[in-house]
$ cat coords27.txt   # compact mmCIF, C-alpha atoms
# COMPACT_ATOMS: atom_id res chain seq x y z
CA MET M 1 1.10 -8.40 5.36
CA LEU M 2 1.56 -4.63 5.12
CA ASP M 3 -2.22 -4.11 4.90
CA MET M 4 -1.65 -1.80 1.94
CA GLN M 5 -2.62 -1.81 -1.71
CA TYR M 6 0.42 -0.96 -3.79
CA ILE M 7 -1.98 0.34 -6.44
CA ASN M 8 -5.67 1.25 -6.26
CA MET M 9 -7.59 2.23 -9.38
CA ASN M 10 -11.09 2.02 -7.91
CA GLY M 11 -13.53 4.89 -7.98
CA THR M 12 -16.73 6.35 -9.42
CA GLY M 13 -16.45 6.21 -13.17
CA ALA M 14 -16.59 3.96 -16.21
CA GLY M 15 -14.34 2.31 -18.74
CA LEU M 16 -13.34 -0.75 -20.72
CA ASP M 17 -11.86 -3.80 -19.00
CA LYS M 18 -9.38 -6.36 -20.39
CA ILE M 19 -9.81 -5.77 -24.11
CA PRO M 20 -7.51 -8.18 -26.05
CA LEU M 21 -4.70 -6.20 -27.64
CA GLY M 22 -1.70 -8.02 -29.08
CA ALA M 23 -0.39 -10.59 -26.61
CA GLY M 24 -1.86 -8.79 -23.60
CA LYS M 25 -5.05 -7.05 -22.45
CA PHE M 26 -5.82 -3.31 -22.34
CA SER M 27 -8.06 -1.51 -19.87
CA TYR M 28 -9.04 2.16 -19.69
CA ALA M 29 -11.26 4.00 -17.23
CA VAL M 30 -12.01 7.59 -16.27
CA PHE M 31 -13.06 8.58 -12.74
CA LYS M 32 -14.27 11.67 -10.92
CA ASP M 33 -12.41 11.57 -7.62
CA ASN M 34 -13.56 12.96 -4.26
CA ASP M 35 -14.91 16.48 -3.97
CA THR M 36 -14.06 16.44 -0.26
CA ASN M 37 -12.33 19.67 0.73
CA THR M 38 -10.24 20.37 3.82
CA THR M 39 -10.80 23.90 5.07
CA GLY M 40 -8.72 26.02 7.39
CA ALA M 41 -9.21 29.34 9.19
CA GLY M 42 -11.80 31.60 7.60
CA GLY M 43 -13.08 28.82 5.36
CA ALA M 44 -9.95 28.65 3.23
CA ILE M 45 -9.64 25.46 1.20
CA VAL M 46 -6.22 24.14 2.17
CA ASN M 47 -6.41 20.70 0.59
CA THR M 48 -8.55 18.83 -1.91
CA PRO M 49 -8.22 15.59 -3.90
CA SER M 50 -10.93 16.69 -6.35
CA ALA M 51 -9.75 15.60 -9.79
CA LEU M 52 -10.58 13.90 -13.04
CA ARG M 53 -8.48 10.72 -13.17
CA GLN M 54 -7.64 8.45 -16.09
CA ASN M 55 -6.19 4.98 -15.53
CA LEU M 56 -4.62 2.95 -18.33
CA LEU M 57 -3.53 -0.65 -17.79
CA TYR M 58 -1.83 -3.10 -20.12
CA GLN M 59 -1.61 -6.49 -18.41
CA ASP M 60 -0.89 -10.20 -18.70
CA LEU M 61 1.83 -9.73 -21.32
CA PRO M 62 3.83 -13.00 -21.47
CA VAL M 63 7.55 -12.23 -21.22
CA ASN M 64 9.03 -15.56 -20.08
CA ALA M 65 7.94 -19.05 -19.06
CA GLY M 66 5.40 -18.59 -16.26
CA GLY M 67 6.02 -14.84 -16.17
CA THR M 68 3.82 -11.88 -17.17
CA LEU M 69 4.24 -8.11 -17.20
CA ASP M 70 1.72 -5.38 -16.32
CA ALA M 71 2.17 -1.65 -17.05
CA THR M 72 0.04 1.15 -15.59
CA LEU M 73 -0.39 4.88 -16.25
CA THR M 74 -2.40 7.27 -14.10
CA ILE M 75 -3.21 10.82 -15.29
CA VAL M 76 -4.65 13.21 -12.69
CA THR M 77 -6.26 16.48 -13.84
CA ALA M 78 -7.05 18.76 -10.90
CA LYS M 79 -10.62 20.03 -10.62
CA GLY M 80 -10.56 21.53 -7.14
CA ARG M 81 -9.06 24.75 -5.86
CA SER M 82 -6.51 25.07 -3.08
CA GLY M 83 -4.94 27.93 -1.17
CA ILE M 84 -6.89 30.97 0.10
CA ALA M 85 -10.60 30.66 -0.52
CA GLU M 86 -12.24 33.24 -2.74
CA GLY M 87 -14.09 35.86 -0.77
CA ALA M 88 -11.60 35.65 2.09
CA GLY M 89 -9.49 38.52 0.83
CA GLU M 90 -7.55 36.70 -1.87
CA ALA M 91 -8.51 34.41 -4.72
CA GLY M 92 -7.83 30.71 -4.61
CA HIS M 93 -5.58 29.04 -7.16
CA ASP M 94 -6.09 25.98 -9.29
CA GLY M 95 -4.79 22.69 -7.99
CA HIS M 96 -1.90 20.83 -9.59
CA ASP M 97 -2.08 18.02 -12.13
CA GLY M 98 -0.07 14.83 -11.65
CA TRP M 99 0.74 11.41 -13.04
CA ALA M 100 2.13 8.02 -12.09
CA VAL M 101 3.53 4.97 -13.86
CA GLY M 102 4.04 1.40 -12.72
CA LEU M 103 5.67 -1.77 -14.01
CA PHE M 104 4.99 -5.16 -12.41
CA HIS M 105 6.41 -8.61 -13.17
CA ARG M 106 4.61 -11.68 -11.83
CA GLN M 107 6.37 -15.06 -11.86
CA GLU M 108 4.66 -18.32 -10.99
CA ALA M 109 6.75 -20.19 -8.41
CA TRP M 110 6.39 -23.02 -5.88
CA GLY M 111 2.63 -23.18 -5.96
CA GLY M 112 2.32 -19.39 -5.74
CA ALA M 113 3.83 -16.32 -7.34
CA ASN M 114 6.53 -13.70 -6.94
CA LEU M 115 5.61 -10.10 -7.75
CA VAL M 116 8.26 -7.43 -8.36
CA GLY M 117 7.04 -3.86 -8.81
CA PHE M 118 8.35 -0.40 -9.66
CA GLN M 119 6.25 2.76 -9.27
CA TYR M 120 6.91 6.45 -9.81
CA GLY M 121 4.52 9.33 -9.22
CA VAL M 122 4.53 13.14 -9.40
CA GLY M 123 2.28 15.61 -7.54
CA PRO M 124 -1.19 14.15 -6.85
CA GLY M 125 -0.05 11.07 -8.79
CA THR M 126 1.92 10.07 -5.68
CA GLY M 127 -1.33 9.33 -3.82
CA ILE M 128 -0.13 11.43 -0.86
CA GLY M 129 -3.00 13.11 0.93
CA GLN M 130 -5.65 10.40 0.59
CA CYS M 131 -6.20 7.17 2.51
CA CYS M 132 -3.08 5.04 2.88
CA SER M 133 -1.22 7.04 0.18
CA ARG M 134 -2.38 4.57 -2.47
CA MET M 135 -0.87 5.15 -5.89
CA GLY M 136 -3.24 4.87 -8.83
CA ALA M 137 -5.80 7.10 -7.14
CA SER M 138 -5.67 10.90 -6.87
CA GLY M 139 -3.69 12.37 -4.01
CA SER M 140 -3.90 15.97 -2.86
CA THR M 141 -3.97 18.41 -5.79
CA ALA M 142 -2.21 20.91 -3.52
CA LEU M 143 0.98 18.95 -4.26
CA GLY M 144 3.13 20.39 -7.04
CA ALA M 145 5.63 18.84 -9.43
CA ASP M 146 8.34 19.06 -6.75
CA VAL M 147 6.64 16.20 -4.88
CA LYS M 148 7.76 12.82 -6.20
CA ARG M 149 7.49 9.24 -4.97
CA VAL M 150 9.46 6.20 -6.06
CA ARG M 151 8.63 2.70 -4.79
CA VAL M 152 10.13 -0.72 -5.45
CA PHE M 153 8.94 -3.93 -3.81
CA ASP M 154 9.03 -7.70 -3.93
CA ASP M 155 6.15 -9.86 -2.69
CA LEU M 156 6.50 -13.65 -2.67
CA VAL M 157 3.70 -16.05 -1.76
CA ILE M 158 4.44 -19.79 -2.01
CA GLN M 159 2.50 -22.98 -1.26
CA PRO M 160 5.05 -25.79 -1.76
CA THR M 161 2.88 -28.32 0.09
CA ARG M 162 -0.81 -28.62 0.92
CA LYS M 163 -0.17 -27.73 4.56
CA PHE M 164 2.70 -25.22 4.40
CA SER M 165 2.66 -21.75 2.87
CA LEU M 166 4.65 -18.55 3.31
CA GLU M 167 4.66 -14.90 2.34
CA PHE M 168 7.72 -12.65 2.20
CA VAL M 169 7.67 -8.96 1.37
CA ALA M 170 10.33 -6.26 1.08
CA LEU M 171 9.65 -2.64 0.12
CA TYR M 172 11.59 0.60 -0.37
CA GLN M 173 9.83 3.93 -0.85
CA LYS M 174 11.30 7.43 -1.10
CA ASP M 175 9.35 10.70 -1.16
CA LYS M 176 11.04 13.89 -2.38
CA ALA M 177 9.69 17.43 -2.04
CA ASP M 178 10.71 21.01 -1.36
CA ASP M 179 8.86 20.78 1.97
CA PRO M 180 10.93 18.74 4.49
CA ALA M 181 7.69 17.49 6.08
CA LEU M 182 7.00 15.51 2.90
CA ARG M 183 10.52 14.05 2.53
CA ASN M 184 10.51 10.50 3.90
CA THR M 185 12.30 7.23 3.21
CA TRP M 186 10.47 4.03 4.16
CA THR M 187 12.00 0.55 4.16
CA THR M 188 10.30 -2.58 5.44
CA ALA M 189 10.56 -6.36 5.26
CA GLY M 190 8.61 -9.23 6.77
CA VAL M 191 7.87 -12.93 6.60
CA ARG M 192 4.75 -14.93 7.52
CA PRO M 193 4.94 -18.77 7.60
CA VAL M 194 1.64 -20.66 7.84
CA TYR M 195 1.14 -24.35 8.67
CA GLY M 196 -2.20 -26.18 8.51
CA VAL M 197 -2.18 -28.61 11.45
CA LEU M 198 -5.77 -29.65 10.65
CA PRO M 199 -7.97 -29.05 7.59
CA ASN M 200 -9.51 -26.00 9.28
CA VAL M 201 -6.83 -25.01 11.80
CA LYS M 202 -3.66 -23.03 11.00
CA LEU M 203 -0.65 -22.05 13.03
CA GLN M 204 0.80 -18.73 11.86
CA ALA M 205 3.63 -16.41 12.82
CA GLU M 206 4.83 -13.12 11.41
CA LEU M 207 8.07 -11.22 11.90
CA GLY M 208 8.45 -7.74 10.46
CA TYR M 209 10.81 -4.76 10.55
CA THR M 210 10.18 -1.23 9.34
CA ALA M 211 12.19 2.00 9.32
CA LEU M 212 10.98 5.51 8.47
CA LYS M 213 13.53 8.26 7.96
CA GLN M 214 11.92 11.70 8.30
CA ASP M 215 13.77 14.74 7.00
CA SER M 216 11.51 16.99 9.08
CA THR M 217 12.94 15.54 12.32
CA GLY M 218 16.30 14.25 11.10
CA GLN M 219 15.53 10.95 12.84
CA THR M 220 14.78 7.41 11.74
CA ALA M 221 11.88 5.65 13.46
CA ARG M 222 12.37 1.87 13.74
CA LEU M 223 9.94 -0.88 14.72
CA THR M 224 10.27 -4.67 14.97
CA LYS M 225 7.13 -6.77 15.51
CA LEU M 226 6.51 -10.47 16.17
CA THR M 227 3.00 -11.94 15.99
CA LEU M 228 1.68 -15.43 16.77
CA ALA M 229 -1.80 -16.12 15.42
CA PRO M 230 -3.45 -19.55 15.46
CA ALA M 231 -6.52 -19.46 13.22
CA ILE M 232 -9.67 -21.25 12.13
CA ALA M 233 -10.20 -21.08 8.35
CA LEU M 234 -12.13 -22.75 5.55
CA GLY M 235 -8.99 -24.49 4.31
CA GLU M 236 -5.24 -24.90 4.63
CA SER M 237 -4.13 -22.65 1.75
CA TYR M 238 -2.50 -19.28 2.43
CA TYR M 239 -5.42 -17.26 1.07
CA SER M 240 -8.20 -19.41 2.47
CA ARG M 241 -10.83 -17.01 3.85
CA PRO M 242 -12.80 -16.22 5.95
CA GLU M 243 -10.30 -16.66 8.76
CA LEU M 244 -10.77 -16.23 12.53
CA ARG M 245 -7.51 -15.50 14.37
CA LEU M 246 -6.47 -15.28 17.99
CA PHE M 247 -3.34 -13.12 17.93
CA VAL M 248 -0.63 -11.95 20.29
CA SER M 249 1.82 -9.31 19.04
CA TYR M 250 4.99 -8.00 20.63
CA GLY M 251 6.58 -4.84 19.28
CA LYS M 252 9.82 -3.07 20.06
CA TRP M 253 10.66 0.40 18.75
CA ASN M 254 13.07 3.27 19.30
CA GLY M 255 12.41 6.68 20.80
CA ALA M 256 11.95 8.29 17.39
CA ALA M 257 9.05 5.90 16.73
CA THR M 258 7.24 6.54 20.05
CA PRO M 259 5.14 9.50 18.77
CA LEU M 260 4.14 7.49 15.70
CA VAL M 261 3.19 4.42 17.76
CA ASN M 262 1.02 6.53 20.04
CA ALA M 263 -0.58 8.39 17.14
CA ALA M 264 -1.59 5.07 15.55
CA ASN M 265 -3.57 4.02 18.65
CA HIS M 266 -7.11 5.27 18.18
CA GLY M 267 -7.77 4.78 21.90
CA GLY M 268 -4.98 7.18 22.86
CA PRO M 269 -1.27 6.94 23.75
CA VAL M 270 -1.62 3.65 25.65
CA TYR M 271 2.12 2.92 25.58
CA GLY M 272 3.19 6.35 26.85
CA ASN M 273 6.96 6.75 26.64
CA ALA M 274 7.61 2.99 26.53
CA THR M 275 9.63 1.55 23.66
CA SER M 276 7.99 -1.87 23.64
CA GLY M 277 4.52 -3.27 24.07
CA THR M 278 2.23 -6.27 23.69
CA SER M 279 -1.28 -6.51 22.31
CA ALA M 280 -3.69 -9.42 21.95
CA GLY M 281 -7.11 -9.93 20.50
CA VAL M 282 -9.42 -11.72 18.09
CA GLN M 283 -9.53 -10.82 14.41
CA VAL M 284 -11.72 -11.87 11.49
CA GLU M 285 -10.66 -11.42 7.86
CA ALA M 286 -13.12 -12.10 5.04
CA TRP M 287 -13.37 -11.12 1.38
CA TRP M 288 -15.90 -11.75 -1.35
$ encode --input "coords27.txt" --output "structure tokens"
Amino acid sequence: MLDMQYINMNGTGAGLDKIPLGAGKFSYAVFKDNDTNTTGAGGAIVNTPSALRQNLLYQDLPVNAGGTLDATLTIVTAKGRSGIAEGAGEAGHDGHDGWAVGLFHRQEAWGGANLVGFQYGVGPGTGIGQCCSRMGASGSTALGADVKRVRVFDDLVIQPTRKFSLEFVALYQKDKADDPALRNTWTTAGVRPVYGVLPNVKLQAELGYTALKQDSTGQTARLTKLTLAPAIALGESYYSRPELRLFVSYGKWNGAATPLVNAANHGGPVYGNATSGTSAGVQVEAWW
């Protein structure tokens, strides 16, 4: 529902996957993350996620009836250089190392599962500075040990009957740093009920609320969104894909959120100074 991966350990590398160890399974992989540099005036490298990353995962540990525990560790060793580029008058400096840990409990329930997660990251281990701020991958190695991220969330997906399913998610995330521009507190919650009126036709709705407190502005941006989305799918289950949706969304936000709403529109600030808006369209979602 949030269109985010709470953890992402993909990349270019190699490792061992799901090796039986005790009551659970152990995985280890090492990756060479992006060598993409962001340069500023005079060719100075101002940001880079270039790093050697190690991911360790211990998963599927039975802890109670129908419940399992996963634990993750990410170690980021900076390989790039940030700051003033060499040859521009001053030498660059090495990037910062970082790390992150995660603990996730999955409980089977009502034809689905409930996932509760806790994550904590430091420096590039926060994932800040790369796509979608995904933890588990390397963030910007320009971030020092003062930058920290803590995240807790609950994600429930149930399928109590063949026709009815529902997802609920709630998340709290806090970023701390010496730089006020990096200090944010994000809270969000939403629910999506789905009902299969026919074997290949679903009626869906989604209601969500999000708030972002930014220390740099001293304001809290708030947004509430309601979406209706009838769909054609291969089946009636919640995760049946591919799925073709016709959607209509209505959003209402406060003045502090207006710059963020406009910035998220790739076609430009279509809502101007308005604090509400409607969008409609056709959407296809497919995985394999």
$ closest_residue --input "coords27.txt" --among "M:Ser237, M:Ser165, M:Ser276, M:Gln107" --to "M:Leu61" --atoms "all atoms listed in the file"
M:Gln107
$ closest_residue --input "coords27.txt" --among "M:Asn200, M:Asn114, M:Gln173, M:Thr258" --to "M:Arg245" --atoms "only C-alpha atoms"
M:Asn200
$ closest_atom_pairs --input "coords27.txt" --of "stretch 169-242 of chain M" --to "stretch 118-134 of chain M" --cutoff "12 Å" --atoms "all atoms listed in the file" --output "JSON lines"
{"residue": "M:Leu171", "atom": "CA", "partner": "M:Phe118", "partner_atom": "CA", "distance": 10.1}
{"residue": "M:Tyr172", "atom": "CA", "partner": "M:Phe118", "partner_atom": "CA", "distance": 9.9}
{"residue": "M:Gln173", "atom": "CA", "partner": "M:Gln119", "partner_atom": "CA", "distance": 9.2}
{"residue": "M:Lys174", "atom": "CA", "partner": "M:Tyr120", "partner_atom": "CA", "distance": 9.8}
{"residue": "M:Asp175", "atom": "CA", "partner": "M:Thr126", "partner_atom": "CA", "distance": 8.7}
{"residue": "M:Lys176", "atom": "CA", "partner": "M:Val122", "partner_atom": "CA", "distance": 9.6}
{"residue": "M:Ala177", "atom": "CA", "partner": "M:Gly123", "partner_atom": "CA", "distance": 9.4}
{"residue": "M:Asp178", "atom": "CA", "partner": "M:Gly123", "partner_atom": "CA", "distance": 11.8}
{"residue": "M:Leu182", "atom": "CA", "partner": "M:Ile128", "partner_atom": "CA", "distance": 9.0}
{"residue": "M:Arg183", "atom": "CA", "partner": "M:Ile128", "partner_atom": "CA", "distance": 11.5}
{"residue": "M:Asn184", "atom": "CA", "partner": "M:Ile128", "partner_atom": "CA", "distance": 11.7}
$ write_last_selection --input "coords27.txt" --atoms "C-alpha atoms" --output "PDB file, in the coordinates of the input"
ATOM      1  CA  LEU M 171       9.650  -2.640   0.120  1.00  0.00           C
ATOM      2  CA  TYR M 172      11.590   0.600  -0.370  1.00  0.00           C
ATOM      3  CA  GLN M 173       9.830   3.930  -0.850  1.00  0.00           C
ATOM      4  CA  LYS M 174      11.300   7.430  -1.100  1.00  0.00           C
ATOM      5  CA  ASP M 175       9.350  10.700  -1.160  1.00  0.00           C
ATOM      6  CA  LYS M 176      11.040  13.890  -2.380  1.00  0.00           C
ATOM      7  CA  ALA M 177       9.690  17.430  -2.040  1.00  0.00           C
ATOM      8  CA  ASP M 178      10.710  21.010  -1.360  1.00  0.00           C
ATOM      9  CA  LEU M 182       7.000  15.510   2.900  1.00  0.00           C
ATOM     10  CA  ARG M 183      10.520  14.050   2.530  1.00  0.00           C
ATOM     11  CA  ASN M 184      10.510  10.500   3.900  1.00  0.00           C
TER      12      ASN M 184
END
$ residues_near_point --input "coords27.txt" --point "(6.0, 7.4, 27.1)" --cutoff "10 Å" --atoms "only C-alpha atoms" --output "list in words"
Gly255, Thr258, Pro259, Asn262, Pro269, Val270, Tyr271, Gly272, Asn273, Ala274 and Thr275 of chain M
$ atom_distance --input "coords27.txt" --atom1 "atom CA of M:Leu56" --atom2 "atom CA of M:Thr74"
6.4 Å
$ closest_residue --input "coords27.txt" --among "M:Ile232, M:Asp215, M:Leu223, M:Val197" --to "M:Val261" --atoms "all atoms listed in the file"
M:Leu223
$ residues_around --input "coords27.txt" --residues "M:Asp17" --least-positions-apart "5" --cutoff "7 Å" --atoms "all atoms listed in the file" --output "list in words"
Phe26, Ser27 and Tyr28 of chain M
$ closest_residue --input "coords27.txt" --among "M:Leu207, M:Ala71, M:Val150, M:Leu212" --to "M:Phe168" --atoms "all atoms listed in the file"
M:Leu207
$ closest_residue --input "coords27.txt" --among "M:Gly42, M:Gly281, M:Gly208, M:Pro242" --to "M:Ala189" --atoms "all atoms listed in the file"
M:Gly208
$ residues_near_point --input "coords27.txt" --point "(6.3, -8.0, -15.3)" --cutoff "9 Å" --atoms "all atoms listed in the file" --output "compact mmCIF listing (two decimals) with C-alpha atoms, keeping the file's coordinate frame"
# COMPACT_ATOMS: atom_id res chain seq x y z
CA GLN M 59 -1.61 -6.49 -18.41
CA ASP M 60 -0.89 -10.20 -18.70
CA LEU M 61 1.83 -9.73 -21.32
CA PRO M 62 3.83 -13.00 -21.47
CA VAL M 63 7.55 -12.23 -21.22
CA GLY M 67 6.02 -14.84 -16.17
CA THR M 68 3.82 -11.88 -17.17
CA LEU M 69 4.24 -8.11 -17.20
CA ASP M 70 1.72 -5.38 -16.32
CA ALA M 71 2.17 -1.65 -17.05
CA LEU M 103 5.67 -1.77 -14.01
CA PHE M 104 4.99 -5.16 -12.41
CA HIS M 105 6.41 -8.61 -13.17
CA ARG M 106 4.61 -11.68 -11.83
CA GLN M 107 6.37 -15.06 -11.86
CA LEU M 115 5.61 -10.10 -7.75
CA VAL M 116 8.26 -7.43 -8.36
CA GLY M 117 7.04 -3.86 -8.81
